[in-house]
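The data block below is upload-v2.tsv; it holds TSV, C-alpha atoms.
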chain	number	residue	atom	x	y	z
A	5	MET	CA	-44.80	-36.42	7.06
A	6	LYS	CA	-44.23	-32.66	6.67
A	7	LYS	CA	-41.17	-33.37	4.58
A	8	ARG	CA	-43.19	-35.76	2.39
A	9	ILE	CA	-45.92	-33.17	1.82
A	10	LEU	CA	-43.35	-30.48	0.97
A	11	THR	CA	-41.68	-32.84	-1.49
A	12	ALA	CA	-45.05	-33.70	-3.01
A	13	ALA	CA	-45.92	-30.03	-3.31
A	14	ILE	CA	-42.64	-29.26	-5.11
A	15	ALA	CA	-43.18	-32.19	-7.46
A	16	THR	CA	-46.73	-31.03	-8.07
A	17	PHE	CA	-45.57	-27.53	-9.05
A	18	ALA	CA	-42.99	-28.95	-11.40
A	19	MET	CA	-45.50	-31.25	-13.06
A	20	ALA	CA	-48.04	-28.46	-13.40
A	21	SER	CA	-45.41	-26.29	-15.08
A	22	LEU	CA	-44.82	-29.03	-17.62
A	23	GLY	CA	-48.53	-29.44	-18.31
A	24	LEU	CA	-48.44	-33.04	-17.06
A	25	PHE	CA	-50.38	-32.76	-13.82
A	26	GLY	CA	-53.68	-34.59	-14.09
A	27	CYS	CA	-55.84	-31.92	-12.46
A	28	ALA	CA	-54.69	-29.17	-14.80
A	29	GLY	CA	-56.10	-28.17	-18.16
A	30	PRO	CA	-58.87	-30.24	-19.78
A	31	ALA	CA	-58.77	-32.99	-17.10
A	32	ALA	CA	-60.15	-30.62	-14.49
A	33	THR	CA	-63.34	-29.81	-16.35
A	34	GLY	CA	-64.97	-33.20	-15.97
A	35	SER	CA	-66.94	-32.83	-19.24
A	36	SER	CA	-67.05	-35.72	-21.68
A	37	SER	CA	-65.67	-33.58	-24.52
A	38	SER	CA	-62.73	-32.46	-22.41
A	39	ALA	CA	-62.11	-36.01	-21.22
A	40	SER	CA	-61.88	-37.14	-24.82
A	41	SER	CA	-59.33	-34.47	-25.75
A	42	ASP	CA	-57.39	-35.27	-22.56
A	43	ALA	CA	-56.70	-38.85	-23.64
A	44	VAL	CA	-53.42	-37.86	-25.33
A	45	SER	CA	-52.31	-34.85	-23.29
A	46	GLN	CA	-52.40	-36.42	-19.82
A	47	THR	CA	-49.41	-38.72	-19.43
A	48	SER	CA	-49.18	-39.05	-15.64
A	49	LEU	CA	-51.33	-39.50	-12.56
A	50	ARG	CA	-50.56	-38.95	-8.89
A	51	VAL	CA	-52.67	-40.97	-6.46
A	52	ALA	CA	-52.62	-40.72	-2.66
A	53	ALA	CA	-52.98	-44.05	-0.87
A	54	SER	CA	-52.52	-45.88	2.42
A	55	PRO	CA	-49.41	-48.11	2.28
A	56	THR	CA	-51.30	-51.39	2.83
A	57	PRO	CA	-53.07	-52.67	0.81
A	58	HIS	CA	-53.91	-49.65	-1.34
A	59	ALA	CA	-50.41	-48.58	-2.42
A	60	GLU	CA	-49.46	-52.22	-2.94
A	61	ILE	CA	-52.40	-52.73	-5.28
A	62	LEU	CA	-51.63	-49.57	-7.22
A	63	ASN	CA	-47.90	-50.16	-7.54
A	64	GLU	CA	-47.91	-53.90	-8.15
A	65	ALA	CA	-51.07	-54.39	-10.20
A	66	VAL	CA	-52.42	-51.12	-11.59
A	67	LYS	CA	-49.21	-49.31	-12.58
A	68	PRO	CA	-48.19	-51.87	-15.26
A	69	ILE	CA	-51.66	-51.69	-16.84
A	70	LEU	CA	-51.52	-47.91	-17.13
A	71	ALA	CA	-47.93	-47.99	-18.38
A	72	GLU	CA	-49.13	-49.99	-21.39
A	73	GLN	CA	-51.41	-47.02	-22.18
A	74	GLY	CA	-48.62	-44.48	-21.84
A	75	ILE	CA	-49.80	-43.22	-18.43
A	76	GLU	CA	-47.23	-43.02	-15.64
A	77	LEU	CA	-48.68	-43.68	-12.18
A	78	GLU	CA	-47.04	-42.13	-9.12
A	79	VAL	CA	-48.32	-43.35	-5.76
A	80	VAL	CA	-47.95	-40.97	-2.80
A	81	GLU	CA	-48.27	-42.84	0.50
A	82	PHE	CA	-49.96	-41.42	3.60
A	83	ASN	CA	-50.38	-42.97	7.04
A	84	ASP	CA	-53.48	-41.06	8.12
A	85	TYR	CA	-57.07	-40.53	6.97
A	86	VAL	CA	-57.02	-36.74	6.51
A	87	LEU	CA	-54.11	-35.69	4.29
A	88	PRO	CA	-55.05	-37.87	1.30
A	89	ASN	CA	-58.38	-36.07	1.09
A	90	THR	CA	-57.05	-32.56	1.63
A	91	SER	CA	-54.32	-33.21	-0.95
A	92	THR	CA	-56.96	-34.32	-3.46
A	93	GLU	CA	-59.18	-31.33	-2.70
A	94	GLU	CA	-56.26	-28.92	-3.12
A	95	GLY	CA	-55.05	-30.50	-6.37
A	96	GLU	CA	-51.76	-31.83	-5.01
A	97	VAL	CA	-52.77	-35.28	-6.25
A	98	ASP	CA	-55.22	-36.38	-8.94
A	99	ALA	CA	-57.04	-38.95	-6.85
A	100	ASN	CA	-56.90	-41.00	-3.69
A	101	TYR	CA	-57.55	-44.58	-2.70
A	102	PHE	CA	-57.80	-45.38	1.00
A	103	GLN	CA	-61.35	-44.85	2.26
A	104	HIS	CA	-64.87	-46.21	2.16
A	105	THR	CA	-67.92	-44.25	1.04
A	106	ALA	CA	-69.28	-43.66	4.55
A	107	TYR	CA	-66.04	-41.97	5.61
A	108	LEU	CA	-65.91	-39.93	2.38
A	109	GLU	CA	-69.41	-38.58	2.90
A	110	GLN	CA	-68.71	-37.69	6.53
A	111	PHE	CA	-65.42	-36.00	5.58
A	112	ASN	CA	-67.13	-33.85	2.95
A	113	GLN	CA	-69.82	-32.86	5.41
A	114	GLU	CA	-67.40	-31.92	8.17
A	115	ASN	CA	-64.77	-30.20	6.02
A	116	GLY	CA	-66.71	-28.65	3.16
A	117	THR	CA	-64.69	-30.58	0.58
A	118	HIS	CA	-65.93	-31.55	-2.88
A	119	LEU	CA	-64.75	-35.12	-3.27
A	120	VAL	CA	-66.65	-37.82	-5.15
A	121	GLU	CA	-66.47	-41.58	-5.52
A	122	VAL	CA	-65.45	-42.89	-8.93
A	123	VAL	CA	-65.64	-46.66	-8.44
A	124	PRO	CA	-65.63	-49.18	-5.55
A	125	VAL	CA	-62.62	-51.52	-5.61
A	126	HIS	CA	-62.27	-53.70	-2.53
A	127	TYR	CA	-63.52	-54.45	0.97
A	128	GLU	CA	-61.46	-55.17	4.11
A	129	PRO	CA	-63.29	-56.97	6.94
A	130	PHE	CA	-63.04	-55.10	10.25
A	131	GLY	CA	-62.00	-57.08	13.33
A	132	LEU	CA	-61.84	-56.98	17.13
A	133	TYR	CA	-58.45	-58.14	18.40
A	134	ALA	CA	-57.27	-59.36	21.80
A	135	GLY	CA	-54.93	-57.21	23.86
A	136	LYS	CA	-54.32	-57.87	27.57
A	137	THR	CA	-57.45	-60.01	27.74
A	138	LYS	CA	-57.25	-62.95	25.36
A	139	THR	CA	-60.87	-64.05	25.04
A	140	LEU	CA	-64.24	-62.33	25.17
A	141	ALA	CA	-65.33	-64.81	27.83
A	142	ASP	CA	-62.65	-63.40	30.17
A	143	ILE	CA	-63.73	-59.77	29.90
A	144	GLN	CA	-63.87	-57.97	33.24
A	145	ASP	CA	-65.96	-55.01	34.32
A	146	GLY	CA	-64.29	-51.77	33.35
A	147	ALA	CA	-62.39	-53.35	30.45
A	148	LYS	CA	-60.76	-50.89	28.05
A	149	ILE	CA	-61.51	-51.23	24.35
A	150	ALA	CA	-59.81	-48.96	21.80
A	151	VAL	CA	-61.71	-47.93	18.66
A	152	PRO	CA	-60.97	-45.53	15.75
A	153	ASN	CA	-61.73	-41.91	16.59
A	154	ASP	CA	-63.17	-40.90	13.22
A	155	THR	CA	-66.95	-40.83	13.15
A	156	THR	CA	-67.74	-43.54	10.64
A	157	ASN	CA	-65.14	-46.08	11.74
A	158	GLU	CA	-66.04	-45.57	15.39
A	159	ALA	CA	-69.63	-46.44	14.50
A	160	ARG	CA	-68.33	-49.47	12.65
A	161	ALA	CA	-66.41	-50.54	15.76
A	162	LEU	CA	-69.43	-50.06	18.02
A	163	LEU	CA	-71.55	-52.20	15.71
A	164	LEU	CA	-68.86	-54.88	15.96
A	165	LEU	CA	-68.93	-54.70	19.77
A	166	GLU	CA	-72.68	-55.12	19.60
A	167	GLN	CA	-72.23	-58.10	17.28
A	168	ALA	CA	-69.89	-59.58	19.89
A	169	GLY	CA	-72.56	-59.17	22.56
A	170	LEU	CA	-70.54	-56.69	24.61
A	171	ILE	CA	-72.89	-53.70	24.30
A	172	LYS	CA	-76.31	-52.84	22.94
A	173	LEU	CA	-76.93	-49.80	20.75
A	174	ASP	CA	-80.03	-47.76	20.09
A	175	PRO	CA	-81.56	-49.62	17.11
A	176	ASN	CA	-82.03	-46.30	15.31
A	177	ALA	CA	-78.32	-45.43	15.45
A	178	GLY	CA	-77.16	-47.66	12.60
A	179	VAL	CA	-73.94	-46.76	10.80
A	180	THR	CA	-73.81	-43.35	12.52
A	181	ALA	CA	-73.68	-44.75	16.06
A	182	THR	CA	-71.65	-42.98	18.76
A	183	LYS	CA	-70.89	-43.79	22.38
A	184	GLN	CA	-73.99	-41.82	23.31
A	185	ASP	CA	-76.09	-44.42	21.48
A	186	ILE	CA	-75.04	-47.22	23.83
A	187	VAL	CA	-78.15	-48.23	25.75
A	188	GLU	CA	-76.71	-51.29	27.52
A	189	ASN	CA	-73.14	-51.72	28.76
A	190	PRO	CA	-73.24	-54.56	31.30
A	191	HIS	CA	-69.45	-54.68	31.78
A	192	SER	CA	-69.09	-50.88	32.06
A	193	ILE	CA	-66.63	-51.00	29.18
A	194	ASP	CA	-64.41	-47.95	28.83
A	195	ILE	CA	-64.31	-47.14	25.11
A	196	LEU	CA	-61.16	-45.25	24.12
A	197	GLU	CA	-61.29	-43.20	20.90
A	198	VAL	CA	-57.88	-43.40	19.25
A	199	GLU	CA	-56.37	-42.39	15.90
A	200	ALA	CA	-56.82	-45.45	13.69
A	201	ALA	CA	-53.12	-45.77	12.79
A	202	SER	CA	-52.20	-46.09	16.49
A	203	LEU	CA	-54.55	-48.96	17.28
A	204	PRO	CA	-52.17	-51.90	16.64
A	205	ARG	CA	-49.56	-50.33	18.93
A	206	MET	CA	-52.14	-49.95	21.70
A	207	LEU	CA	-53.03	-53.64	21.95
A	208	GLU	CA	-50.63	-54.24	24.84
A	209	ASP	CA	-52.23	-51.41	26.83
A	210	VAL	CA	-55.93	-52.24	26.37
A	211	ASP	CA	-58.07	-55.32	26.71
A	212	PHE	CA	-59.24	-55.29	23.10
A	213	ALA	CA	-59.01	-53.07	20.02
A	214	ALA	CA	-61.18	-52.76	16.91
A	215	ILE	CA	-58.74	-52.26	14.04
A	216	ASN	CA	-59.13	-51.36	10.37
A	217	SER	CA	-57.51	-54.03	8.20
A	218	ASN	CA	-55.24	-51.57	6.40
A	219	TYR	CA	-53.51	-51.10	9.76
A	220	ALA	CA	-53.98	-54.67	11.01
A	221	ILE	CA	-52.30	-56.29	7.98
A	222	PRO	CA	-48.89	-54.54	8.30
A	223	ALA	CA	-49.00	-55.27	12.05
A	224	GLY	CA	-49.12	-58.98	11.24
A	225	LEU	CA	-52.79	-59.41	12.16
A	226	ASN	CA	-55.10	-61.42	9.94
A	227	VAL	CA	-58.77	-60.73	10.46
A	228	TYR	CA	-59.90	-64.32	9.94
A	229	ASP	CA	-57.07	-65.95	11.90
A	230	ASP	CA	-56.54	-63.45	14.72
A	231	ALA	CA	-59.70	-61.42	15.27
A	232	LEU	CA	-62.05	-62.58	18.02
A	233	VAL	CA	-65.00	-61.33	15.99
A	234	PHE	CA	-65.23	-59.80	12.52
A	235	GLU	CA	-67.76	-58.33	10.13
A	236	ASP	CA	-69.81	-60.45	7.77
A	237	PRO	CA	-68.68	-59.41	4.26
A	238	GLU	CA	-71.97	-60.70	2.87
A	239	GLY	CA	-73.96	-58.38	5.14
A	240	THR	CA	-74.38	-54.62	5.40
A	241	ALA	CA	-70.68	-54.05	6.10
A	242	GLY	CA	-69.50	-55.46	2.78
A	243	LYS	CA	-71.70	-53.01	0.90
A	244	THR	CA	-71.26	-50.01	3.19
A	245	TYR	CA	-67.49	-50.11	3.69
A	246	ALA	CA	-66.09	-50.92	0.24
A	247	ASN	CA	-62.92	-48.91	-0.43
A	248	VAL	CA	-63.29	-46.53	-3.35
A	249	LEU	CA	-61.30	-44.46	-5.84
A	250	VAL	CA	-61.94	-40.77	-5.11
A	251	VAL	CA	-61.34	-37.52	-7.02
A	252	ARG	CA	-62.30	-33.89	-6.66
A	253	GLU	CA	-65.74	-33.25	-8.14
A	254	GLY	CA	-65.46	-32.34	-11.81
A	255	ASN	CA	-62.53	-34.67	-12.52
A	256	GLU	CA	-64.41	-37.97	-12.44
A	257	ASN	CA	-64.90	-38.03	-16.23
A	258	ALA	CA	-61.35	-37.11	-17.19
A	259	ALA	CA	-59.97	-39.70	-19.61
A	260	ALA	CA	-56.97	-40.56	-17.45
A	261	ILE	CA	-59.18	-41.06	-14.39
A	262	GLU	CA	-61.49	-43.28	-16.40
A	263	ALA	CA	-58.45	-45.29	-17.49
A	264	LEU	CA	-57.35	-45.55	-13.87
A	265	ALA	CA	-60.79	-46.72	-12.73
A	266	LYS	CA	-60.95	-49.30	-15.52
A	267	ALA	CA	-57.50	-50.61	-14.62
A	268	MET	CA	-58.35	-50.84	-10.91
A	269	THR	CA	-61.42	-52.96	-11.67
A	270	SER	CA	-59.84	-55.14	-14.35
A	271	ASP	CA	-59.52	-58.91	-14.45
A	272	LYS	CA	-55.78	-58.52	-13.87
A	273	VAL	CA	-56.38	-56.71	-10.58
A	274	LEU	CA	-59.03	-59.24	-9.57
A	275	THR	CA	-56.54	-62.05	-10.08
A	276	TYR	CA	-53.88	-60.08	-8.21
A	277	LEU	CA	-56.15	-59.61	-5.18
A	278	GLN	CA	-57.11	-63.28	-5.12
A	279	GLU	CA	-53.46	-64.35	-5.26
A	280	LYS	CA	-52.03	-61.64	-2.99
A	281	TYR	CA	-54.68	-61.99	-0.27
A	282	PRO	CA	-55.95	-65.60	-0.44
A	283	ASP	CA	-56.94	-65.35	3.23
A	284	GLY	CA	-59.77	-62.94	2.33
A	285	SER	CA	-58.35	-59.96	4.23
A	286	VAL	CA	-58.79	-57.91	1.04
A	287	GLN	CA	-61.75	-58.79	-1.18
A	288	ALA	CA	-62.62	-57.42	-4.62
A	289	VAL	CA	-66.11	-55.89	-4.93
A	290	PHE	CA	-66.21	-55.52	-8.72
The structure given in the file should be rewritten as structure tokens.
Amino acid sequence: MKKRILTAAIATFAMASLGLFGCAGPAATGSSSSASSDAVSQTSLRVAASPTPHAEILNEAVKPILAEQGIELEVVEFNDYVLPNTSTEEGEVDANYFQHTAYLEQFNQENGTHLVEVVPVHYEPFGLYAGKTKTLADIQDGAKIAVPNDTTNEARALLLLEQAGLIKLDPNAGVTATKQDIVENPHSIDILEVEAASLPRMLEDVDFAAINSNYAIPAGLNVYDDALVFEDPEGTAGKTYANVLVVREGNENAAAIEALAKAMTSDKVLTYLQEKYPDGSVQAVF
């Protein structure tokens, strides 16, 4: 990862020197007049993304659309939920695509960053998967359940455990729930807070794990076929946890970013998502 960041930083410097880096010059101002003048000068974009499905969508569906407009798209892949945001904040990339709005807002609050949503693109249902214990009916007292350790996705996991009837949360907790908001835990479940990327690998060591789909999919897990319980995409989750295109504040109106947003929410991308993920593991929200 360190080597990747160093390489990205070197590439960034080179692009900036050539006047091609999207966050330099007029693109960084965010004003409509600057965005208009930027339409010709900006010929490339660098976007940070999780490998699955975000980088796949960008490389396979969005890149050809932008190429027709003379914009070269470079996708920089990250396997965590922190570096894509810090790289965007620091100008190492023009934008990122890996997170939902709830996580973005929490990240800004905790880190003092200035990142903003441009457009929602897709939603990935969140699921609870079997580990050592194969069914919810077989759960034993003291069972271990692994959940993501970032604030918003942990709350999402706890809400899923409540949906499964395993715990009861304070009704006022909502999408900011923590372990301290558990008011009933009849099985004395031990909730383990784990880095989201590690959750699929932990299945053999815990009874169950609540896993984000961008990590479940490459692990061969399908939320509708394999999860014991999953979110209702028609409910609060589908609206709250849509994955969004994000930039540093002030760049959202740059012409190249507007072109990127339009491409990501185009009919071509909609068709791509429907054909690539017919099982519903990745659903368009535009």
#### Entry: Distance criterion (only C-alpha atoms): nearest to A:Ser54 out of A:Asp98, A:Glu81, A:Glu114, A:Asp185
A:Glu81
### Message
Between atom CA of A:Val286 and atom CA of A:Ala220, what is the distance in Å, rounded to a tenth?
### Response
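Taking atom CA of A:Val286 as the start and atom CA of A:Ala220 as the end point, the length is 11.5 Å.
Going from atom CA of A:Ala53 to atom CA of A:Asn100 covers 5.7 Å.
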### Task
May I ask which of the residues A:Phe212, A:Tyr133, A:Tyr245, A:Tyr107 is the closest one to A:Gly224, counting only C-alpha atoms?
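Result for the nearest residue to A:Gly224: A:Tyr133.
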#### Entry: Which residue of A:Val125, A:Ala241, A:Val80, A:Leu170 approaches A:Glu96 most closely, using all atoms listed in the file
A:Val80
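If you look at atom CA of A:Arg252 and atom CA of A:Leu119, they are 4.4 Å away from each other.
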### Message
I'd like the contact shell of A:Tyr219 - 9 Å cut-off, all atoms listed in the file, skipping same-chain residues fewer than 2 positions apart - returned as a list in words.
### Response
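The residues satisfying every condition are Thr56, Ala200, Ala201, Ser202, Leu203, Pro204, Ile215, Asn216, Ser217, Ile221, Pro222, Ala223 and Leu225 of chain A.
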### Query
Of the candidates A:Val289, A:Val151, A:Val66, A:Ala134, which shows the shortest atom-to-atom distance to A:Glu238, using only C-alpha atoms?
A:Val289
### Message
What's around A:Leu62 at 12 Å? Count all atoms listed in the file, leave out sequence neighbours fewer than 2 positions away in its own chain, and write the answer as a ChimeraX atom specification.
### Response
/A:49-60,64-71,76-81,99-102,125,249,264-265,267-269,272-273,276-277
### Query
What lies within 7 Å of A:Val210 using only C-alpha atoms, ignoring chain neighbours under 4 positions off, as a PyMOL selection string?
chain A and resi 135-136+148-150+206
### Summary
For A:Ala214, the closest of A:Asn247, A:Asn157, A:Asn255, A:Asn176 counting only C-alpha atoms is A:Asn157
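The nearest approach to A:Ala263 among the residues A:Val122, A:Glu158, A:Thr90, A:Gln113, with all atoms listed in the file taken into account, belongs to A:Val122.
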### Polymer residues at most 9 Å from A:Gly284, all atoms listed in the file, same-chain spacing of 4 or more positions, as a PyMOL selection string
chain A and resi 128-129+227-228+277-278
